[in-house]
$ cat structure_16.cif   # mmCIF, C-alpha atoms
data_coords
#
loop_
_atom_site.label_atom_id
_atom_site.label_comp_id
_atom_site.auth_asym_id
_atom_site.auth_seq_id
_atom_site.Cartn_x
_atom_site.Cartn_y
_atom_site.Cartn_z
CA MET A 1 212.91 58.68 -91.45
CA ASP A 2 211.38 59.19 -87.97
CA GLY A 3 208.10 57.72 -89.23
CA ASP A 4 209.92 54.58 -90.42
CA ILE A 5 211.67 54.15 -87.05
CA ILE A 6 208.37 54.59 -85.15
CA LEU A 7 206.73 52.01 -87.44
CA VAL A 8 209.52 49.49 -86.75
CA VAL A 9 209.18 50.16 -82.98
CA VAL A 10 205.37 49.74 -83.16
CA ILE A 11 205.63 46.47 -85.11
CA ALA A 12 208.24 45.13 -82.65
CA THR A 13 206.04 46.22 -79.72
CA ALA A 14 202.97 44.57 -81.28
CA ILE A 15 204.91 41.31 -81.68
CA ALA A 16 206.08 41.62 -78.05
CA PHE A 17 202.45 42.17 -76.96
CA ASP A 18 201.38 39.10 -78.96
CA PHE A 19 204.08 37.07 -77.20
CA THR A 20 202.88 38.25 -73.75
CA ASN A 21 199.30 37.51 -74.86
CA GLY A 22 200.22 33.89 -75.62
CA PHE A 23 202.38 33.63 -72.50
CA HIS A 24 199.68 35.13 -70.28
CA ASP A 25 196.79 33.15 -71.77
CA THR A 26 198.44 29.70 -71.97
CA ALA A 27 196.56 28.96 -68.75
CA ASN A 28 193.16 29.47 -70.39
CA VAL A 29 193.72 26.43 -72.53
CA VAL A 30 196.03 24.16 -70.56
CA ALA A 31 195.30 24.79 -66.85
CA THR A 32 192.32 22.43 -66.65
CA VAL A 33 194.03 19.81 -68.85
CA ILE A 34 197.18 19.83 -66.70
CA SER A 35 195.28 19.97 -63.43
CA THR A 36 193.24 16.83 -64.20
CA ARG A 37 196.28 15.10 -65.77
CA ALA A 38 194.55 14.75 -69.13
CA LEU A 39 197.95 15.59 -70.66
CA PRO A 40 201.45 16.03 -69.19
CA PRO A 41 202.33 19.75 -68.78
CA ARG A 42 204.91 20.06 -71.59
CA LEU A 43 202.77 18.10 -74.06
CA ALA A 44 199.69 20.20 -73.15
CA ILE A 45 201.60 23.43 -73.75
CA GLY A 46 203.13 22.16 -77.01
CA PHE A 47 199.68 21.05 -78.21
CA ALA A 48 198.16 24.43 -77.31
CA SER A 49 200.93 26.41 -79.01
CA VAL A 50 200.66 24.41 -82.26
CA LEU A 51 196.87 24.96 -82.30
CA ASN A 52 197.36 28.66 -81.46
CA PHE A 53 199.65 28.91 -84.51
CA VAL A 54 197.18 27.08 -86.76
CA GLY A 55 194.27 29.13 -85.32
CA ALA A 56 195.90 32.35 -86.48
CA PHE A 57 195.49 31.17 -90.10
CA VAL A 58 191.94 29.84 -89.73
CA SER A 59 190.27 33.18 -90.40
CA LEU A 60 191.75 36.37 -91.82
CA LYS A 61 188.66 38.53 -91.68
CA VAL A 62 189.85 41.28 -89.35
CA ALA A 63 186.29 42.50 -88.80
CA ASP A 64 186.74 42.68 -85.04
CA THR A 65 190.01 44.59 -85.19
CA VAL A 66 190.85 46.10 -81.82
CA GLY A 67 189.96 49.74 -81.70
CA LYS A 68 187.15 49.50 -84.23
CA GLY A 69 183.94 50.38 -82.41
CA PHE A 70 185.76 51.79 -79.35
CA VAL A 71 187.86 54.66 -80.74
CA HIS A 72 187.60 56.71 -83.92
CA THR A 73 190.22 54.94 -86.05
CA SER A 74 190.70 57.86 -88.45
CA GLN A 75 192.45 59.74 -85.63
CA VAL A 76 194.82 56.89 -84.72
CA SER A 77 198.56 57.51 -85.24
CA THR A 78 201.50 55.12 -84.90
CA THR A 79 202.52 56.74 -81.59
CA ILE A 80 198.98 56.21 -80.18
CA VAL A 81 199.12 52.53 -81.19
CA PHE A 82 202.57 52.25 -79.62
CA ALA A 83 201.42 53.79 -76.32
CA GLY A 84 198.33 51.54 -76.25
CA LEU A 85 200.52 48.47 -76.72
CA ILE A 86 202.82 49.59 -73.90
CA GLY A 87 199.76 49.90 -71.61
CA ALA A 88 198.61 46.39 -72.53
CA ILE A 89 202.05 44.77 -72.18
CA THR A 90 202.62 46.43 -68.80
CA TRP A 91 199.25 45.25 -67.42
CA ASN A 92 199.83 41.72 -68.78
CA LEU A 93 203.20 41.55 -67.04
CA VAL A 94 201.89 42.97 -63.74
CA THR A 95 199.00 40.46 -63.61
CA TRP A 96 201.33 37.61 -64.65
CA TYR A 97 203.69 38.57 -61.80
CA PHE A 98 200.85 38.25 -59.29
CA GLY A 99 199.52 35.07 -60.96
CA LEU A 100 196.19 36.71 -61.86
CA PRO A 101 194.33 35.67 -65.01
CA SER A 102 193.20 38.90 -66.71
CA SER A 103 192.12 39.77 -70.24
CA SER A 104 194.85 40.62 -72.78
CA SER A 105 192.18 41.86 -75.20
CA HIS A 106 190.70 44.26 -72.65
CA ALA A 107 194.21 45.41 -71.74
CA LEU A 108 194.88 46.23 -75.39
CA ILE A 109 191.59 48.11 -75.79
CA GLY A 110 192.22 49.93 -72.46
CA GLY A 111 195.72 50.93 -73.57
CA LEU A 112 194.44 52.30 -76.89
CA VAL A 113 191.58 54.17 -75.20
CA GLY A 114 194.01 55.75 -72.70
CA SER A 115 196.47 56.95 -75.33
CA MET A 116 193.61 58.24 -77.54
CA LEU A 117 192.17 60.17 -74.57
CA VAL A 118 195.44 62.01 -73.99
CA ALA A 119 196.02 62.56 -77.70
CA HIS A 120 192.55 63.74 -78.80
CA GLY A 121 190.30 63.97 -75.71
CA PHE A 122 186.95 62.33 -74.95
CA GLY A 123 185.61 63.12 -78.43
CA ALA A 124 187.87 60.42 -79.91
CA ILE A 125 186.33 57.70 -77.74
CA ASP A 126 183.16 55.86 -78.74
CA GLY A 127 181.61 55.59 -75.26
CA GLU A 128 178.49 53.77 -76.48
CA GLY A 129 180.62 51.19 -78.33
CA LEU A 130 182.78 50.73 -75.23
CA LEU A 131 179.75 50.13 -73.00
CA GLY A 132 177.60 48.12 -75.40
CA LYS A 133 180.26 45.99 -77.11
CA LEU A 134 182.82 45.58 -74.35
CA ILE A 135 181.77 46.35 -70.78
CA VAL A 136 178.29 44.77 -70.67
CA PRO A 137 179.32 41.60 -72.58
CA ALA A 138 182.40 41.37 -70.33
CA LEU A 139 180.10 41.30 -67.29
CA VAL A 140 177.65 38.83 -68.84
CA ALA A 141 180.20 36.34 -70.25
CA PRO A 142 181.79 34.95 -67.05
CA ILE A 143 178.37 34.69 -65.35
CA LEU A 144 177.03 32.83 -68.39
CA ALA A 145 180.04 30.46 -68.41
CA PHE A 146 179.55 29.94 -64.65
CA VAL A 147 175.86 28.98 -65.08
CA ALA A 148 176.49 26.85 -68.20
CA ALA A 149 179.35 24.89 -66.59
CA ALA A 150 177.34 24.41 -63.38
CA ALA A 151 174.33 23.09 -65.34
CA ALA A 152 176.55 20.82 -67.47
CA ILE A 153 178.40 19.25 -64.53
CA THR A 154 175.18 18.77 -62.51
CA ILE A 155 173.57 16.85 -65.39
CA ALA A 156 176.78 14.89 -66.10
CA TYR A 157 177.02 13.77 -62.45
CA ARG A 158 173.34 12.70 -62.58
CA ILE A 159 173.94 10.58 -65.70
CA LEU A 160 177.20 9.07 -64.47
CA GLY A 161 176.26 8.71 -60.80
CA ARG A 162 176.62 4.93 -60.37
CA LEU A 163 179.53 4.26 -62.71
CA ARG A 164 183.01 3.35 -61.51
CA PRO A 165 185.07 6.54 -61.25
CA GLY A 166 188.23 5.20 -62.97
CA PRO A 167 186.86 4.62 -66.51
CA VAL A 168 184.72 7.78 -66.25
CA ALA A 169 187.76 9.91 -65.41
CA ARG A 170 189.76 8.37 -68.29
CA SER A 171 186.93 9.12 -70.76
CA PHE A 172 186.57 12.73 -69.61
CA ARG A 173 190.34 13.22 -69.88
CA LEU A 174 190.07 12.26 -73.57
CA GLY A 175 187.11 14.62 -73.95
CA GLN A 176 189.18 17.39 -72.37
CA VAL A 177 191.89 16.97 -75.01
CA VAL A 178 189.30 17.66 -77.75
CA SER A 179 187.57 20.57 -75.96
CA GLY A 180 190.99 22.01 -75.01
CA GLY A 181 192.05 21.78 -78.67
CA LEU A 182 188.94 23.70 -79.71
CA LEU A 183 189.72 26.37 -77.13
CA ALA A 184 193.35 26.67 -78.28
CA LEU A 185 192.23 27.03 -81.88
CA SER A 186 189.68 29.74 -81.02
CA HIS A 187 192.26 31.55 -78.87
CA GLY A 188 194.74 31.60 -81.77
CA THR A 189 192.06 32.90 -84.12
CA ASN A 190 190.72 35.58 -81.74
CA ASP A 191 193.87 36.94 -80.18
CA ALA A 192 196.39 36.68 -83.03
CA GLN A 193 193.83 38.46 -85.22
CA LYS A 194 193.75 41.38 -82.79
CA THR A 195 197.52 41.84 -83.05
CA MET A 196 197.35 41.49 -86.83
CA GLY A 197 194.70 44.23 -86.81
CA VAL A 198 196.90 46.53 -84.72
CA MET A 199 199.95 45.95 -86.95
CA THR A 200 197.88 46.59 -90.07
CA LEU A 201 196.43 49.74 -88.47
CA ALA A 202 199.99 50.98 -87.87
CA LEU A 203 200.93 50.23 -91.50
CA VAL A 204 197.90 52.24 -92.68
CA ALA A 205 198.70 55.12 -90.29
CA HIS A 206 202.29 55.13 -91.62
CA GLY A 207 201.07 55.15 -95.24
CA THR A 208 202.61 51.78 -96.19
CA LEU A 209 199.11 50.43 -96.80
CA HIS A 210 196.11 52.33 -98.10
CA ALA A 211 192.96 52.40 -95.97
CA ASP A 212 190.70 51.71 -98.98
CA THR A 213 192.62 48.56 -99.96
CA PHE A 214 192.90 47.33 -96.37
CA HIS A 215 194.40 43.84 -96.30
CA VAL A 216 196.64 41.95 -93.87
CA PRO A 217 200.06 41.22 -95.42
CA ALA A 218 201.29 37.61 -95.22
CA TRP A 219 204.33 38.54 -93.12
CA VAL A 220 202.01 40.15 -90.54
CA VAL A 221 199.96 36.93 -90.30
CA LEU A 222 203.07 34.77 -90.01
CA SER A 223 204.77 36.96 -87.39
CA ALA A 224 201.59 37.29 -85.26
CA ALA A 225 200.97 33.53 -85.43
CA SER A 226 204.59 32.75 -84.52
CA ALA A 227 204.67 35.25 -81.63
CA ILE A 228 201.47 34.00 -79.97
CA ALA A 229 202.54 30.35 -80.44
CA LEU A 230 206.00 31.04 -78.97
CA GLY A 231 204.43 32.94 -76.06
CA THR A 232 202.06 30.05 -75.39
CA PHE A 233 204.96 27.59 -75.58
CA SER A 234 206.87 29.64 -72.98
CA GLY A 235 203.92 29.04 -70.61
CA GLY A 236 202.97 31.38 -67.77
CA TRP A 237 203.14 28.87 -64.93
CA ARG A 238 201.98 31.28 -62.24
CA ILE A 239 198.57 31.75 -63.91
CA ILE A 240 198.37 28.05 -64.85
CA LYS A 241 198.71 27.24 -61.15
CA THR A 242 196.01 29.78 -60.17
CA MET A 243 193.51 28.56 -62.76
CA GLY A 244 194.36 24.87 -62.50
CA SER A 245 194.36 24.35 -58.76
CA ARG A 246 193.94 27.53 -56.72
CA ILE A 247 190.31 28.32 -57.70
CA ILE A 248 189.03 24.74 -57.27
CA ARG A 249 190.52 21.23 -57.15
CA MET A 250 188.83 19.79 -60.20
CA ASP A 251 188.13 16.32 -61.50
CA PRO A 252 188.20 15.52 -65.27
CA ALA A 253 184.41 15.87 -65.63
CA GLN A 254 184.56 19.38 -64.09
CA GLY A 255 187.48 20.25 -66.39
CA PHE A 256 185.46 19.07 -69.39
CA ALA A 257 182.39 21.07 -68.29
CA ALA A 258 184.46 24.24 -67.74
CA GLN A 259 186.21 23.93 -71.12
CA GLY A 260 182.97 23.07 -72.91
CA ALA A 261 181.20 26.09 -71.39
CA GLY A 262 184.18 28.28 -72.30
CA ALA A 263 184.28 27.14 -75.92
CA ALA A 264 180.47 27.46 -76.30
CA VAL A 265 180.33 31.00 -74.85
CA ILE A 266 183.29 32.22 -76.92
CA LEU A 267 181.97 30.76 -80.17
CA ALA A 268 178.42 32.03 -79.55
CA ALA A 269 179.74 35.52 -78.77
CA SER A 270 182.23 35.71 -81.59
CA GLY A 271 179.48 34.86 -84.06
CA ALA A 272 177.73 38.03 -82.82
CA GLY A 273 180.94 40.10 -83.07
CA TYR A 274 181.71 40.62 -79.36
CA PRO A 275 185.43 40.57 -78.47
CA LEU A 276 185.07 38.44 -75.34
CA SER A 277 187.94 37.60 -73.05
CA THR A 278 188.88 33.90 -73.10
CA THR A 279 190.32 34.39 -69.60
CA HIS A 280 187.05 35.70 -68.10
CA VAL A 281 185.01 32.95 -69.70
CA ILE A 282 187.24 30.04 -68.67
CA SER A 283 187.62 31.38 -65.12
CA GLY A 284 183.81 31.68 -64.86
CA GLY A 285 183.45 28.12 -66.17
CA ILE A 286 185.94 26.74 -63.65
CA MET A 287 184.15 28.49 -60.76
CA GLY A 288 180.75 27.23 -61.99
CA ALA A 289 181.98 23.63 -62.30
CA GLY A 290 183.34 23.83 -58.74
CA ALA A 291 180.37 25.61 -57.15
CA ALA A 292 177.86 23.13 -58.62
CA LYS A 293 179.56 20.32 -56.70
CA ARG A 294 179.88 22.27 -53.48
CA LEU A 295 179.83 26.07 -52.96
CA SER A 296 182.70 25.83 -50.51
CA ALA A 297 184.78 23.99 -53.14
CA VAL A 298 185.51 27.38 -54.74
CA ARG A 299 188.19 29.47 -53.05
CA TRP A 300 186.19 32.69 -53.14
CA GLY A 301 189.15 34.78 -51.95
CA VAL A 302 191.13 33.80 -55.06
CA ALA A 303 188.01 34.36 -57.19
CA GLY A 304 187.66 37.84 -55.64
CA ASN A 305 191.26 38.74 -56.52
CA ILE A 306 190.64 37.63 -60.10
CA ALA A 307 187.46 39.73 -60.31
CA LEU A 308 189.35 42.73 -58.96
CA ALA A 309 192.03 42.28 -61.67
CA TRP A 310 189.23 42.20 -64.27
CA LEU A 311 187.73 45.43 -62.97
CA LEU A 312 191.12 47.13 -62.96
CA THR A 313 192.23 45.94 -66.42
CA LEU A 314 190.61 48.67 -68.53
CA PRO A 315 191.45 51.67 -66.29
CA ALA A 316 194.95 50.45 -65.41
CA ALA A 317 195.97 49.68 -69.01
CA ALA A 318 194.37 52.99 -70.06
CA ALA A 319 196.40 54.86 -67.41
CA VAL A 320 199.68 53.30 -68.56
CA GLY A 321 198.75 53.89 -72.22
CA ALA A 322 198.00 57.54 -71.43
CA LEU A 323 201.26 57.90 -69.49
CA ALA A 324 203.28 56.27 -72.30
CA TYR A 325 201.75 58.66 -74.85
CA GLY A 326 202.33 61.67 -72.61
CA VAL A 327 205.97 60.72 -71.94
CA SER A 328 206.69 60.03 -75.62
CA ARG A 329 205.27 63.47 -76.56
CA ILE A 330 207.67 65.16 -74.13
CA PHE A 331 210.37 64.22 -76.65
CA GLY A 332 208.37 65.62 -79.58
CA THR A 333 206.61 63.85 -82.42
CA GLY A 334 209.70 61.94 -83.57
CA ALA A 335 211.01 58.48 -82.79
CA LEU A 336 213.02 59.41 -79.69
CA GLY A 337 210.09 59.09 -77.21
CA PRO A 338 208.94 55.61 -78.36
CA LEU A 339 212.57 54.44 -78.53
CA LEU A 340 213.32 55.63 -74.98
CA ILE A 341 210.14 54.04 -73.61
CA SER A 342 210.93 50.74 -75.37
CA VAL A 343 214.48 50.67 -74.01
CA SER A 344 213.20 51.48 -70.49
CA LEU A 345 210.57 48.72 -70.64
CA LEU A 346 213.08 46.19 -72.00
CA SER A 347 215.55 47.10 -69.20
CA LEU A 348 212.80 46.67 -66.60
CA LEU A 349 211.82 43.31 -68.11
CA ALA A 350 215.43 42.11 -68.18
CA ALA A 351 215.76 43.06 -64.50
CA VAL A 352 212.52 41.27 -63.48
CA PHE A 353 213.25 38.12 -65.51
CA GLY A 354 216.86 38.09 -64.29
CA ARG A 355 215.58 38.18 -60.71
CA ARG A 356 213.08 35.40 -61.42
CA LEU A 357 215.76 33.28 -63.08
CA ARG A 358 218.07 33.64 -60.08
CA ALA A 359 215.16 32.80 -57.76
CA THR A 360 214.22 29.63 -59.70
CA ARG A 361 217.83 28.43 -59.71
CA SER A 362 217.93 28.61 -55.94
CA PRO A 363 216.91 25.37 -54.13
CA GLY A 364 213.33 24.77 -52.96
CA GLN A 365 211.59 26.50 -55.86
CA GLY A 366 208.66 24.58 -57.29
CA LEU A 367 207.32 24.21 -60.77
CA ALA A 368 204.71 26.87 -60.18
CA SER A 369 207.27 29.63 -59.99
CA ALA A 370 209.34 28.46 -62.94
CA SER A 371 208.33 31.32 -65.18
CA MET B 1 169.15 54.50 -72.33
CA ILE B 2 171.21 51.39 -71.55
CA GLY B 3 168.67 49.39 -73.56
CA ALA B 4 169.44 51.51 -76.63
CA ILE B 5 173.20 51.02 -76.30
CA VAL B 6 173.23 47.33 -75.37
CA GLU B 7 171.89 44.90 -77.98
CA VAL B 8 169.70 42.96 -75.54
CA GLY B 9 168.25 40.60 -78.17
CA LYS B 10 171.71 39.67 -79.45
CA LEU B 11 172.96 39.07 -75.89
CA LEU B 12 169.96 36.86 -75.07
CA GLY B 13 170.67 34.88 -78.24
CA ILE B 14 174.25 34.30 -77.08
CA VAL B 15 173.02 33.21 -73.63
CA LEU B 16 170.59 30.71 -75.16
CA ASP B 17 173.07 29.33 -77.73
CA ALA B 18 175.84 28.91 -75.14
CA LEU B 19 173.56 27.19 -72.61
CA VAL B 20 172.07 24.79 -75.17
CA ALA B 21 175.52 23.96 -76.64
CA THR B 22 177.22 23.42 -73.25
CA VAL B 23 174.46 21.34 -71.71
CA GLY B 24 173.84 19.48 -75.00
CA VAL B 25 177.48 18.45 -75.41
CA ALA B 26 177.77 17.51 -71.71
CA VAL B 27 174.66 15.29 -71.98
CA LEU B 28 175.90 13.67 -75.24
CA PHE B 29 179.38 13.00 -73.84
CA SER B 30 178.05 11.68 -70.53
CA MET B 31 175.66 9.37 -72.38
CA ALA B 32 178.56 8.17 -74.53
CA VAL B 33 180.61 7.40 -71.39
CA LEU B 34 177.59 5.66 -69.87
CA GLY B 35 177.12 3.62 -73.07
CA ILE B 36 180.81 2.60 -73.17
CA ALA B 37 180.80 1.59 -69.48
CA ARG B 38 177.53 -0.38 -69.67
CA ALA B 39 178.53 -2.08 -72.95
CA SER B 40 181.81 -3.11 -71.38
CA ASP B 41 179.99 -4.52 -68.32
CA GLN B 42 177.58 -6.48 -70.53
CA ARG B 43 180.42 -7.94 -72.60
CA GLU B 44 182.08 -9.09 -69.35
CA HIS B 45 178.82 -10.89 -68.43
CA ASN B 46 178.45 -12.30 -71.97
CA THR B 47 175.19 -10.42 -72.61
CA ASN B 48 174.28 -8.45 -75.73
CA ALA B 49 175.96 -5.01 -75.64
CA PHE B 50 174.51 -3.75 -78.93
CA ALA B 51 172.09 -1.16 -77.50
CA TYR B 52 174.63 0.51 -75.21
CA GLY B 53 177.33 0.29 -77.89
CA THR B 54 175.04 2.03 -80.38
CA LEU B 55 174.17 4.69 -77.80
CA ALA B 56 177.90 5.36 -77.24
CA VAL B 57 178.69 5.61 -80.96
CA VAL B 58 175.73 7.90 -81.73
CA CYS B 59 176.52 10.22 -78.80
CA LEU B 60 180.22 10.37 -79.67
CA LEU B 61 179.35 11.23 -83.27
CA GLY B 62 177.09 14.00 -81.92
CA CYS B 63 180.02 15.41 -79.88
CA LEU B 64 182.35 15.28 -82.91
CA ALA B 65 179.69 17.02 -85.02
CA ALA B 66 179.45 19.78 -82.37
CA ALA B 67 183.26 20.22 -82.41
CA ALA B 68 183.28 20.34 -86.22
CA TYR B 69 180.49 22.96 -86.14
CA GLY B 70 182.64 25.00 -83.74
CA VAL B 71 185.54 24.96 -86.23
CA VAL B 72 183.17 25.99 -89.06
CA LEU B 73 181.93 28.92 -86.92
CA MET B 74 185.54 30.00 -86.37
CA THR B 75 186.37 29.95 -90.07
CA ASN B 76 183.28 32.02 -90.89
CA LYS B 77 184.08 34.73 -88.38
#
$ encode --input "structure_16.cif" --output "structure tokens"
Amino acid sequence: MDGDIILVVVIATAIAFDFTNGFHDTANVVATVISTRALPPRLAIGFASVLNFVGAFVSLKVADTVGKGFVHTSQVSTTIVFAGLIGAITWNLVTWYFGLPSSSSHALIGGLVGSMLVAHGFGAIDGEGLLGKLIVPALVAPILAFVAAAAAITIAYRILGRLRPGPVARSFRLGQVVSGGLLALSHGTNDAQKTMGVMTLALVAHGTLHADTFHVPAWVVLSAASAIALGTFSGGWRIIKTMGSRIIRMDPAQGFAAQGAGAAVILAASGAGYPLSTTHVISGGIMGAGAAKRLSAVRWGVAGNIALAWLLTLPAAAAVGALAYGVSRIFGTGALGPLLISVSLLSLLAAVFGRRLRATRSPGQGLASAS
Amino acid sequence: MIGAIVEVGKLLGIVLDALVATVGVAVLFSMAVLGIARASDQREHNTNAFAYGTLAVVCLLGCLAAAAYGVVLMTNK
């Protein structure tokens, strides 16, 4: 009975994480499009959420399931998955509150690593996998997107130098709609798949599914796709504002270069099986597109805050994951611990959102603080 | 030791693919915009816009092919 309750709590938590993932990462896809007025904000978000939903069905090969390659999956239990998800959700909400674009995927991996550490010790962690498949690619990816976007915008400006700016801007806005669509589709595929993998892992750990006939049930696909699309549709305006206008003030050609670099890096890396962060890549692309025009065009203070959030993502999510596992074990191996933690987190969320809602209803609040 | 853990060859491949794809698409799209703008100017001056029009169409088709290849890559993941 306890096992069934924990499974329900884990599935609900995974869906909640998927929602925060969409909510948090809306900016990756729409910030540049909104900032350059390629699409109106609501239309851009609606477009991104539909493509996120479709993207979740594009590929069902859960080869890059979160946890695989970083922790020893045979030792994973439903409570460990639950604690990892709590770590990831908490970090996503903290970074959203401060308007910082950080990686939901790295938060999820960090949360799982933290709860595994407390549950089984260092032996349960694949340190080489963590370094080789996550940390080094995570350092390379934003630098690569930075260089690629800088090269692309430099060449584009050379080609377009003497043309009238009006028609050029209109053309690049159209190009941004296509490159933004590609990004939204790849985001839906990448990130919804990770949640599907976690939910399926919980079903295997519970015994509902057998490990040797590992497949993702249709209801898991549908719920993960719906949650990420709904999260995207809810739009995290704070991060959209940071990525769209606080790093650089971009023109449509820069937006196109940043999105193009982002899509190219993500697709090249996913072909090689690296779980890259869309957030890191797009942020790197935006900075590159700005710096190529003029180094001082990039607000390096904002960029520094973003980099700090990236560095803290793994350890912070791991710390919360470890704490969540430790607290849940105080109440034994049953369902009481996960239930209490879920109720506490929901109460905290209700309090924070209630405060935000009251703040946005008061006069003088702008669009940027709407959610 | 790091070299044994990190797949350097694979990472270099990603770097090369991403750079070629980003710069390639940016060049194609910029050439398409240039073609459209020049063809439009030539039509306004009643001169033959065929060459620039063809350049625009070919480059746009190249961009669409790159986007389609991206979708194929996603489905094969």
$ interface_residues --input "structure_16.cif" --of "chain B" --to "chain A" --cutoff "9 Å" --atoms "all atoms listed in the file" --output "PDB file with C-alpha atoms, keeping the file's coordinate frame"
ATOM      1  CA  ILE B   2     171.210  51.390 -71.550  1.00  0.00           C
ATOM      2  CA  ALA B   4     169.440  51.510 -76.630  1.00  0.00           C
ATOM      3  CA  ILE B   5     173.200  51.020 -76.300  1.00  0.00           C
ATOM      4  CA  VAL B   6     173.230  47.330 -75.370  1.00  0.00           C
ATOM      5  CA  GLU B   7     171.890  44.900 -77.980  1.00  0.00           C
ATOM      6  CA  LYS B  10     171.710  39.670 -79.450  1.00  0.00           C
ATOM      7  CA  LEU B  11     172.960  39.070 -75.890  1.00  0.00           C
ATOM      8  CA  GLY B  13     170.670  34.880 -78.240  1.00  0.00           C
ATOM      9  CA  ILE B  14     174.250  34.300 -77.080  1.00  0.00           C
ATOM     10  CA  VAL B  15     173.020  33.210 -73.630  1.00  0.00           C
ATOM     11  CA  ASP B  17     173.070  29.330 -77.730  1.00  0.00           C
ATOM     12  CA  ALA B  18     175.840  28.910 -75.140  1.00  0.00           C
ATOM     13  CA  LEU B  19     173.560  27.190 -72.610  1.00  0.00           C
ATOM     14  CA  VAL B  20     172.070  24.790 -75.170  1.00  0.00           C
ATOM     15  CA  ALA B  21     175.520  23.960 -76.640  1.00  0.00           C
ATOM     16  CA  THR B  22     177.220  23.420 -73.250  1.00  0.00           C
ATOM     17  CA  VAL B  23     174.460  21.340 -71.710  1.00  0.00           C
ATOM     18  CA  GLY B  24     173.840  19.480 -75.000  1.00  0.00           C
ATOM     19  CA  VAL B  25     177.480  18.450 -75.410  1.00  0.00           C
ATOM     20  CA  ALA B  26     177.770  17.510 -71.710  1.00  0.00           C
ATOM     21  CA  VAL B  27     174.660  15.290 -71.980  1.00  0.00           C
ATOM     22  CA  PHE B  29     179.380  13.000 -73.840  1.00  0.00           C
ATOM     23  CA  SER B  30     178.050  11.680 -70.530  1.00  0.00           C
ATOM     24  CA  MET B  31     175.660   9.370 -72.380  1.00  0.00           C
ATOM     25  CA  VAL B  33     180.610   7.400 -71.390  1.00  0.00           C
ATOM     26  CA  LEU B  34     177.590   5.660 -69.870  1.00  0.00           C
ATOM     27  CA  ALA B  37     180.800   1.590 -69.480  1.00  0.00           C
ATOM     28  CA  ARG B  38     177.530  -0.380 -69.670  1.00  0.00           C
ATOM     29  CA  LEU B  64     182.350  15.280 -82.910  1.00  0.00           C
ATOM     30  CA  ALA B  67     183.260  20.220 -82.410  1.00  0.00           C
ATOM     31  CA  GLY B  70     182.640  25.000 -83.740  1.00  0.00           C
ATOM     32  CA  VAL B  71     185.540  24.960 -86.230  1.00  0.00           C
ATOM     33  CA  LEU B  73     181.930  28.920 -86.920  1.00  0.00           C
ATOM     34  CA  MET B  74     185.540  30.000 -86.370  1.00  0.00           C
ATOM     35  CA  THR B  75     186.370  29.950 -90.070  1.00  0.00           C
ATOM     36  CA  ASN B  76     183.280  32.020 -90.890  1.00  0.00           C
ATOM     37  CA  LYS B  77     184.080  34.730 -88.380  1.00  0.00           C
TER      38      LYS B  77
END
$ atom_distance --input "structure_16.cif" --atom1 "atom CA of Leu311 of chain A" --atom2 "atom CA of His280 of chain A"
11.0 Å
$ residues_around --input "structure_16.cif" --residues "segment 76-83 of chain A" --least-positions-apart "6" --cutoff "6 Å" --atoms "all atoms listed in the file" --output "PyMOL selection string"
chain A and resi 10+115+202+205+321+324-325
$ residues_near_point --input "structure_16.cif" --point "(201.5, 33.7, -71.4)" --cutoff "10 Å" --atoms "only C-alpha atoms" --output "short mmCIF file (atom, residue, chain, number, x, y, z; two decimals) with C-alpha atoms, in the coordinates of the input"
data_model
loop_
_atom_site.label_atom_id
_atom_site.label_comp_id
_atom_site.auth_asym_id
_atom_site.auth_seq_id
_atom_site.Cartn_x
_atom_site.Cartn_y
_atom_site.Cartn_z
CA ASP A 18 201.38 39.10 -78.96
CA PHE A 19 204.08 37.07 -77.20
CA THR A 20 202.88 38.25 -73.75
CA ASN A 21 199.30 37.51 -74.86
CA GLY A 22 200.22 33.89 -75.62
CA PHE A 23 202.38 33.63 -72.50
CA HIS A 24 199.68 35.13 -70.28
CA ASP A 25 196.79 33.15 -71.77
CA THR A 26 198.44 29.70 -71.97
CA ALA A 27 196.56 28.96 -68.75
CA ASN A 28 193.16 29.47 -70.39
CA ASN A 92 199.83 41.72 -68.78
CA LEU A 93 203.20 41.55 -67.04
CA TRP A 96 201.33 37.61 -64.65
CA PRO A 101 194.33 35.67 -65.01
CA SER A 104 194.85 40.62 -72.78
CA ILE A 228 201.47 34.00 -79.97
CA ALA A 229 202.54 30.35 -80.44
CA LEU A 230 206.00 31.04 -78.97
CA GLY A 231 204.43 32.94 -76.06
CA THR A 232 202.06 30.05 -75.39
CA PHE A 233 204.96 27.59 -75.58
CA SER A 234 206.87 29.64 -72.98
CA GLY A 235 203.92 29.04 -70.61
CA GLY A 236 202.97 31.38 -67.77
CA TRP A 237 203.14 28.87 -64.93
CA ARG A 238 201.98 31.28 -62.24
CA ILE A 239 198.57 31.75 -63.91
CA ILE A 240 198.37 28.05 -64.85
CA SER A 371 208.33 31.32 -65.18
#
$ closest_residue --input "structure_16.cif" --among "A:Ile11, A:Ala289, A:Leu117, A:Leu201" --to "Ile247 of chain A" --atoms "all atoms listed in the file"
A:Ala289
$ closest_residue --input "structure_16.cif" --among "B:Ala65, B:Ile36, B:Val72, B:Leu28" --to "Phe50 of chain B" --atoms "all atoms listed in the file"
B:Ile36
$ resolve_selection --input "structure_16.cif" --expression "the PyMOL selection byres ((chain A and resi 107) around 8)" --output "PyMOL selection string"
chain A and resi 87-89+91-92+103-106+108-111+313-314+317-318
$ residues_around --input "structure_16.cif" --residues "Gly334 of chain A" --least-positions-apart "3" --cutoff "9 Å" --atoms "all atoms listed in the file" --output "MDAnalysis selection string"
chainID A and resid 2:3 5:6 328:329 331 337:338
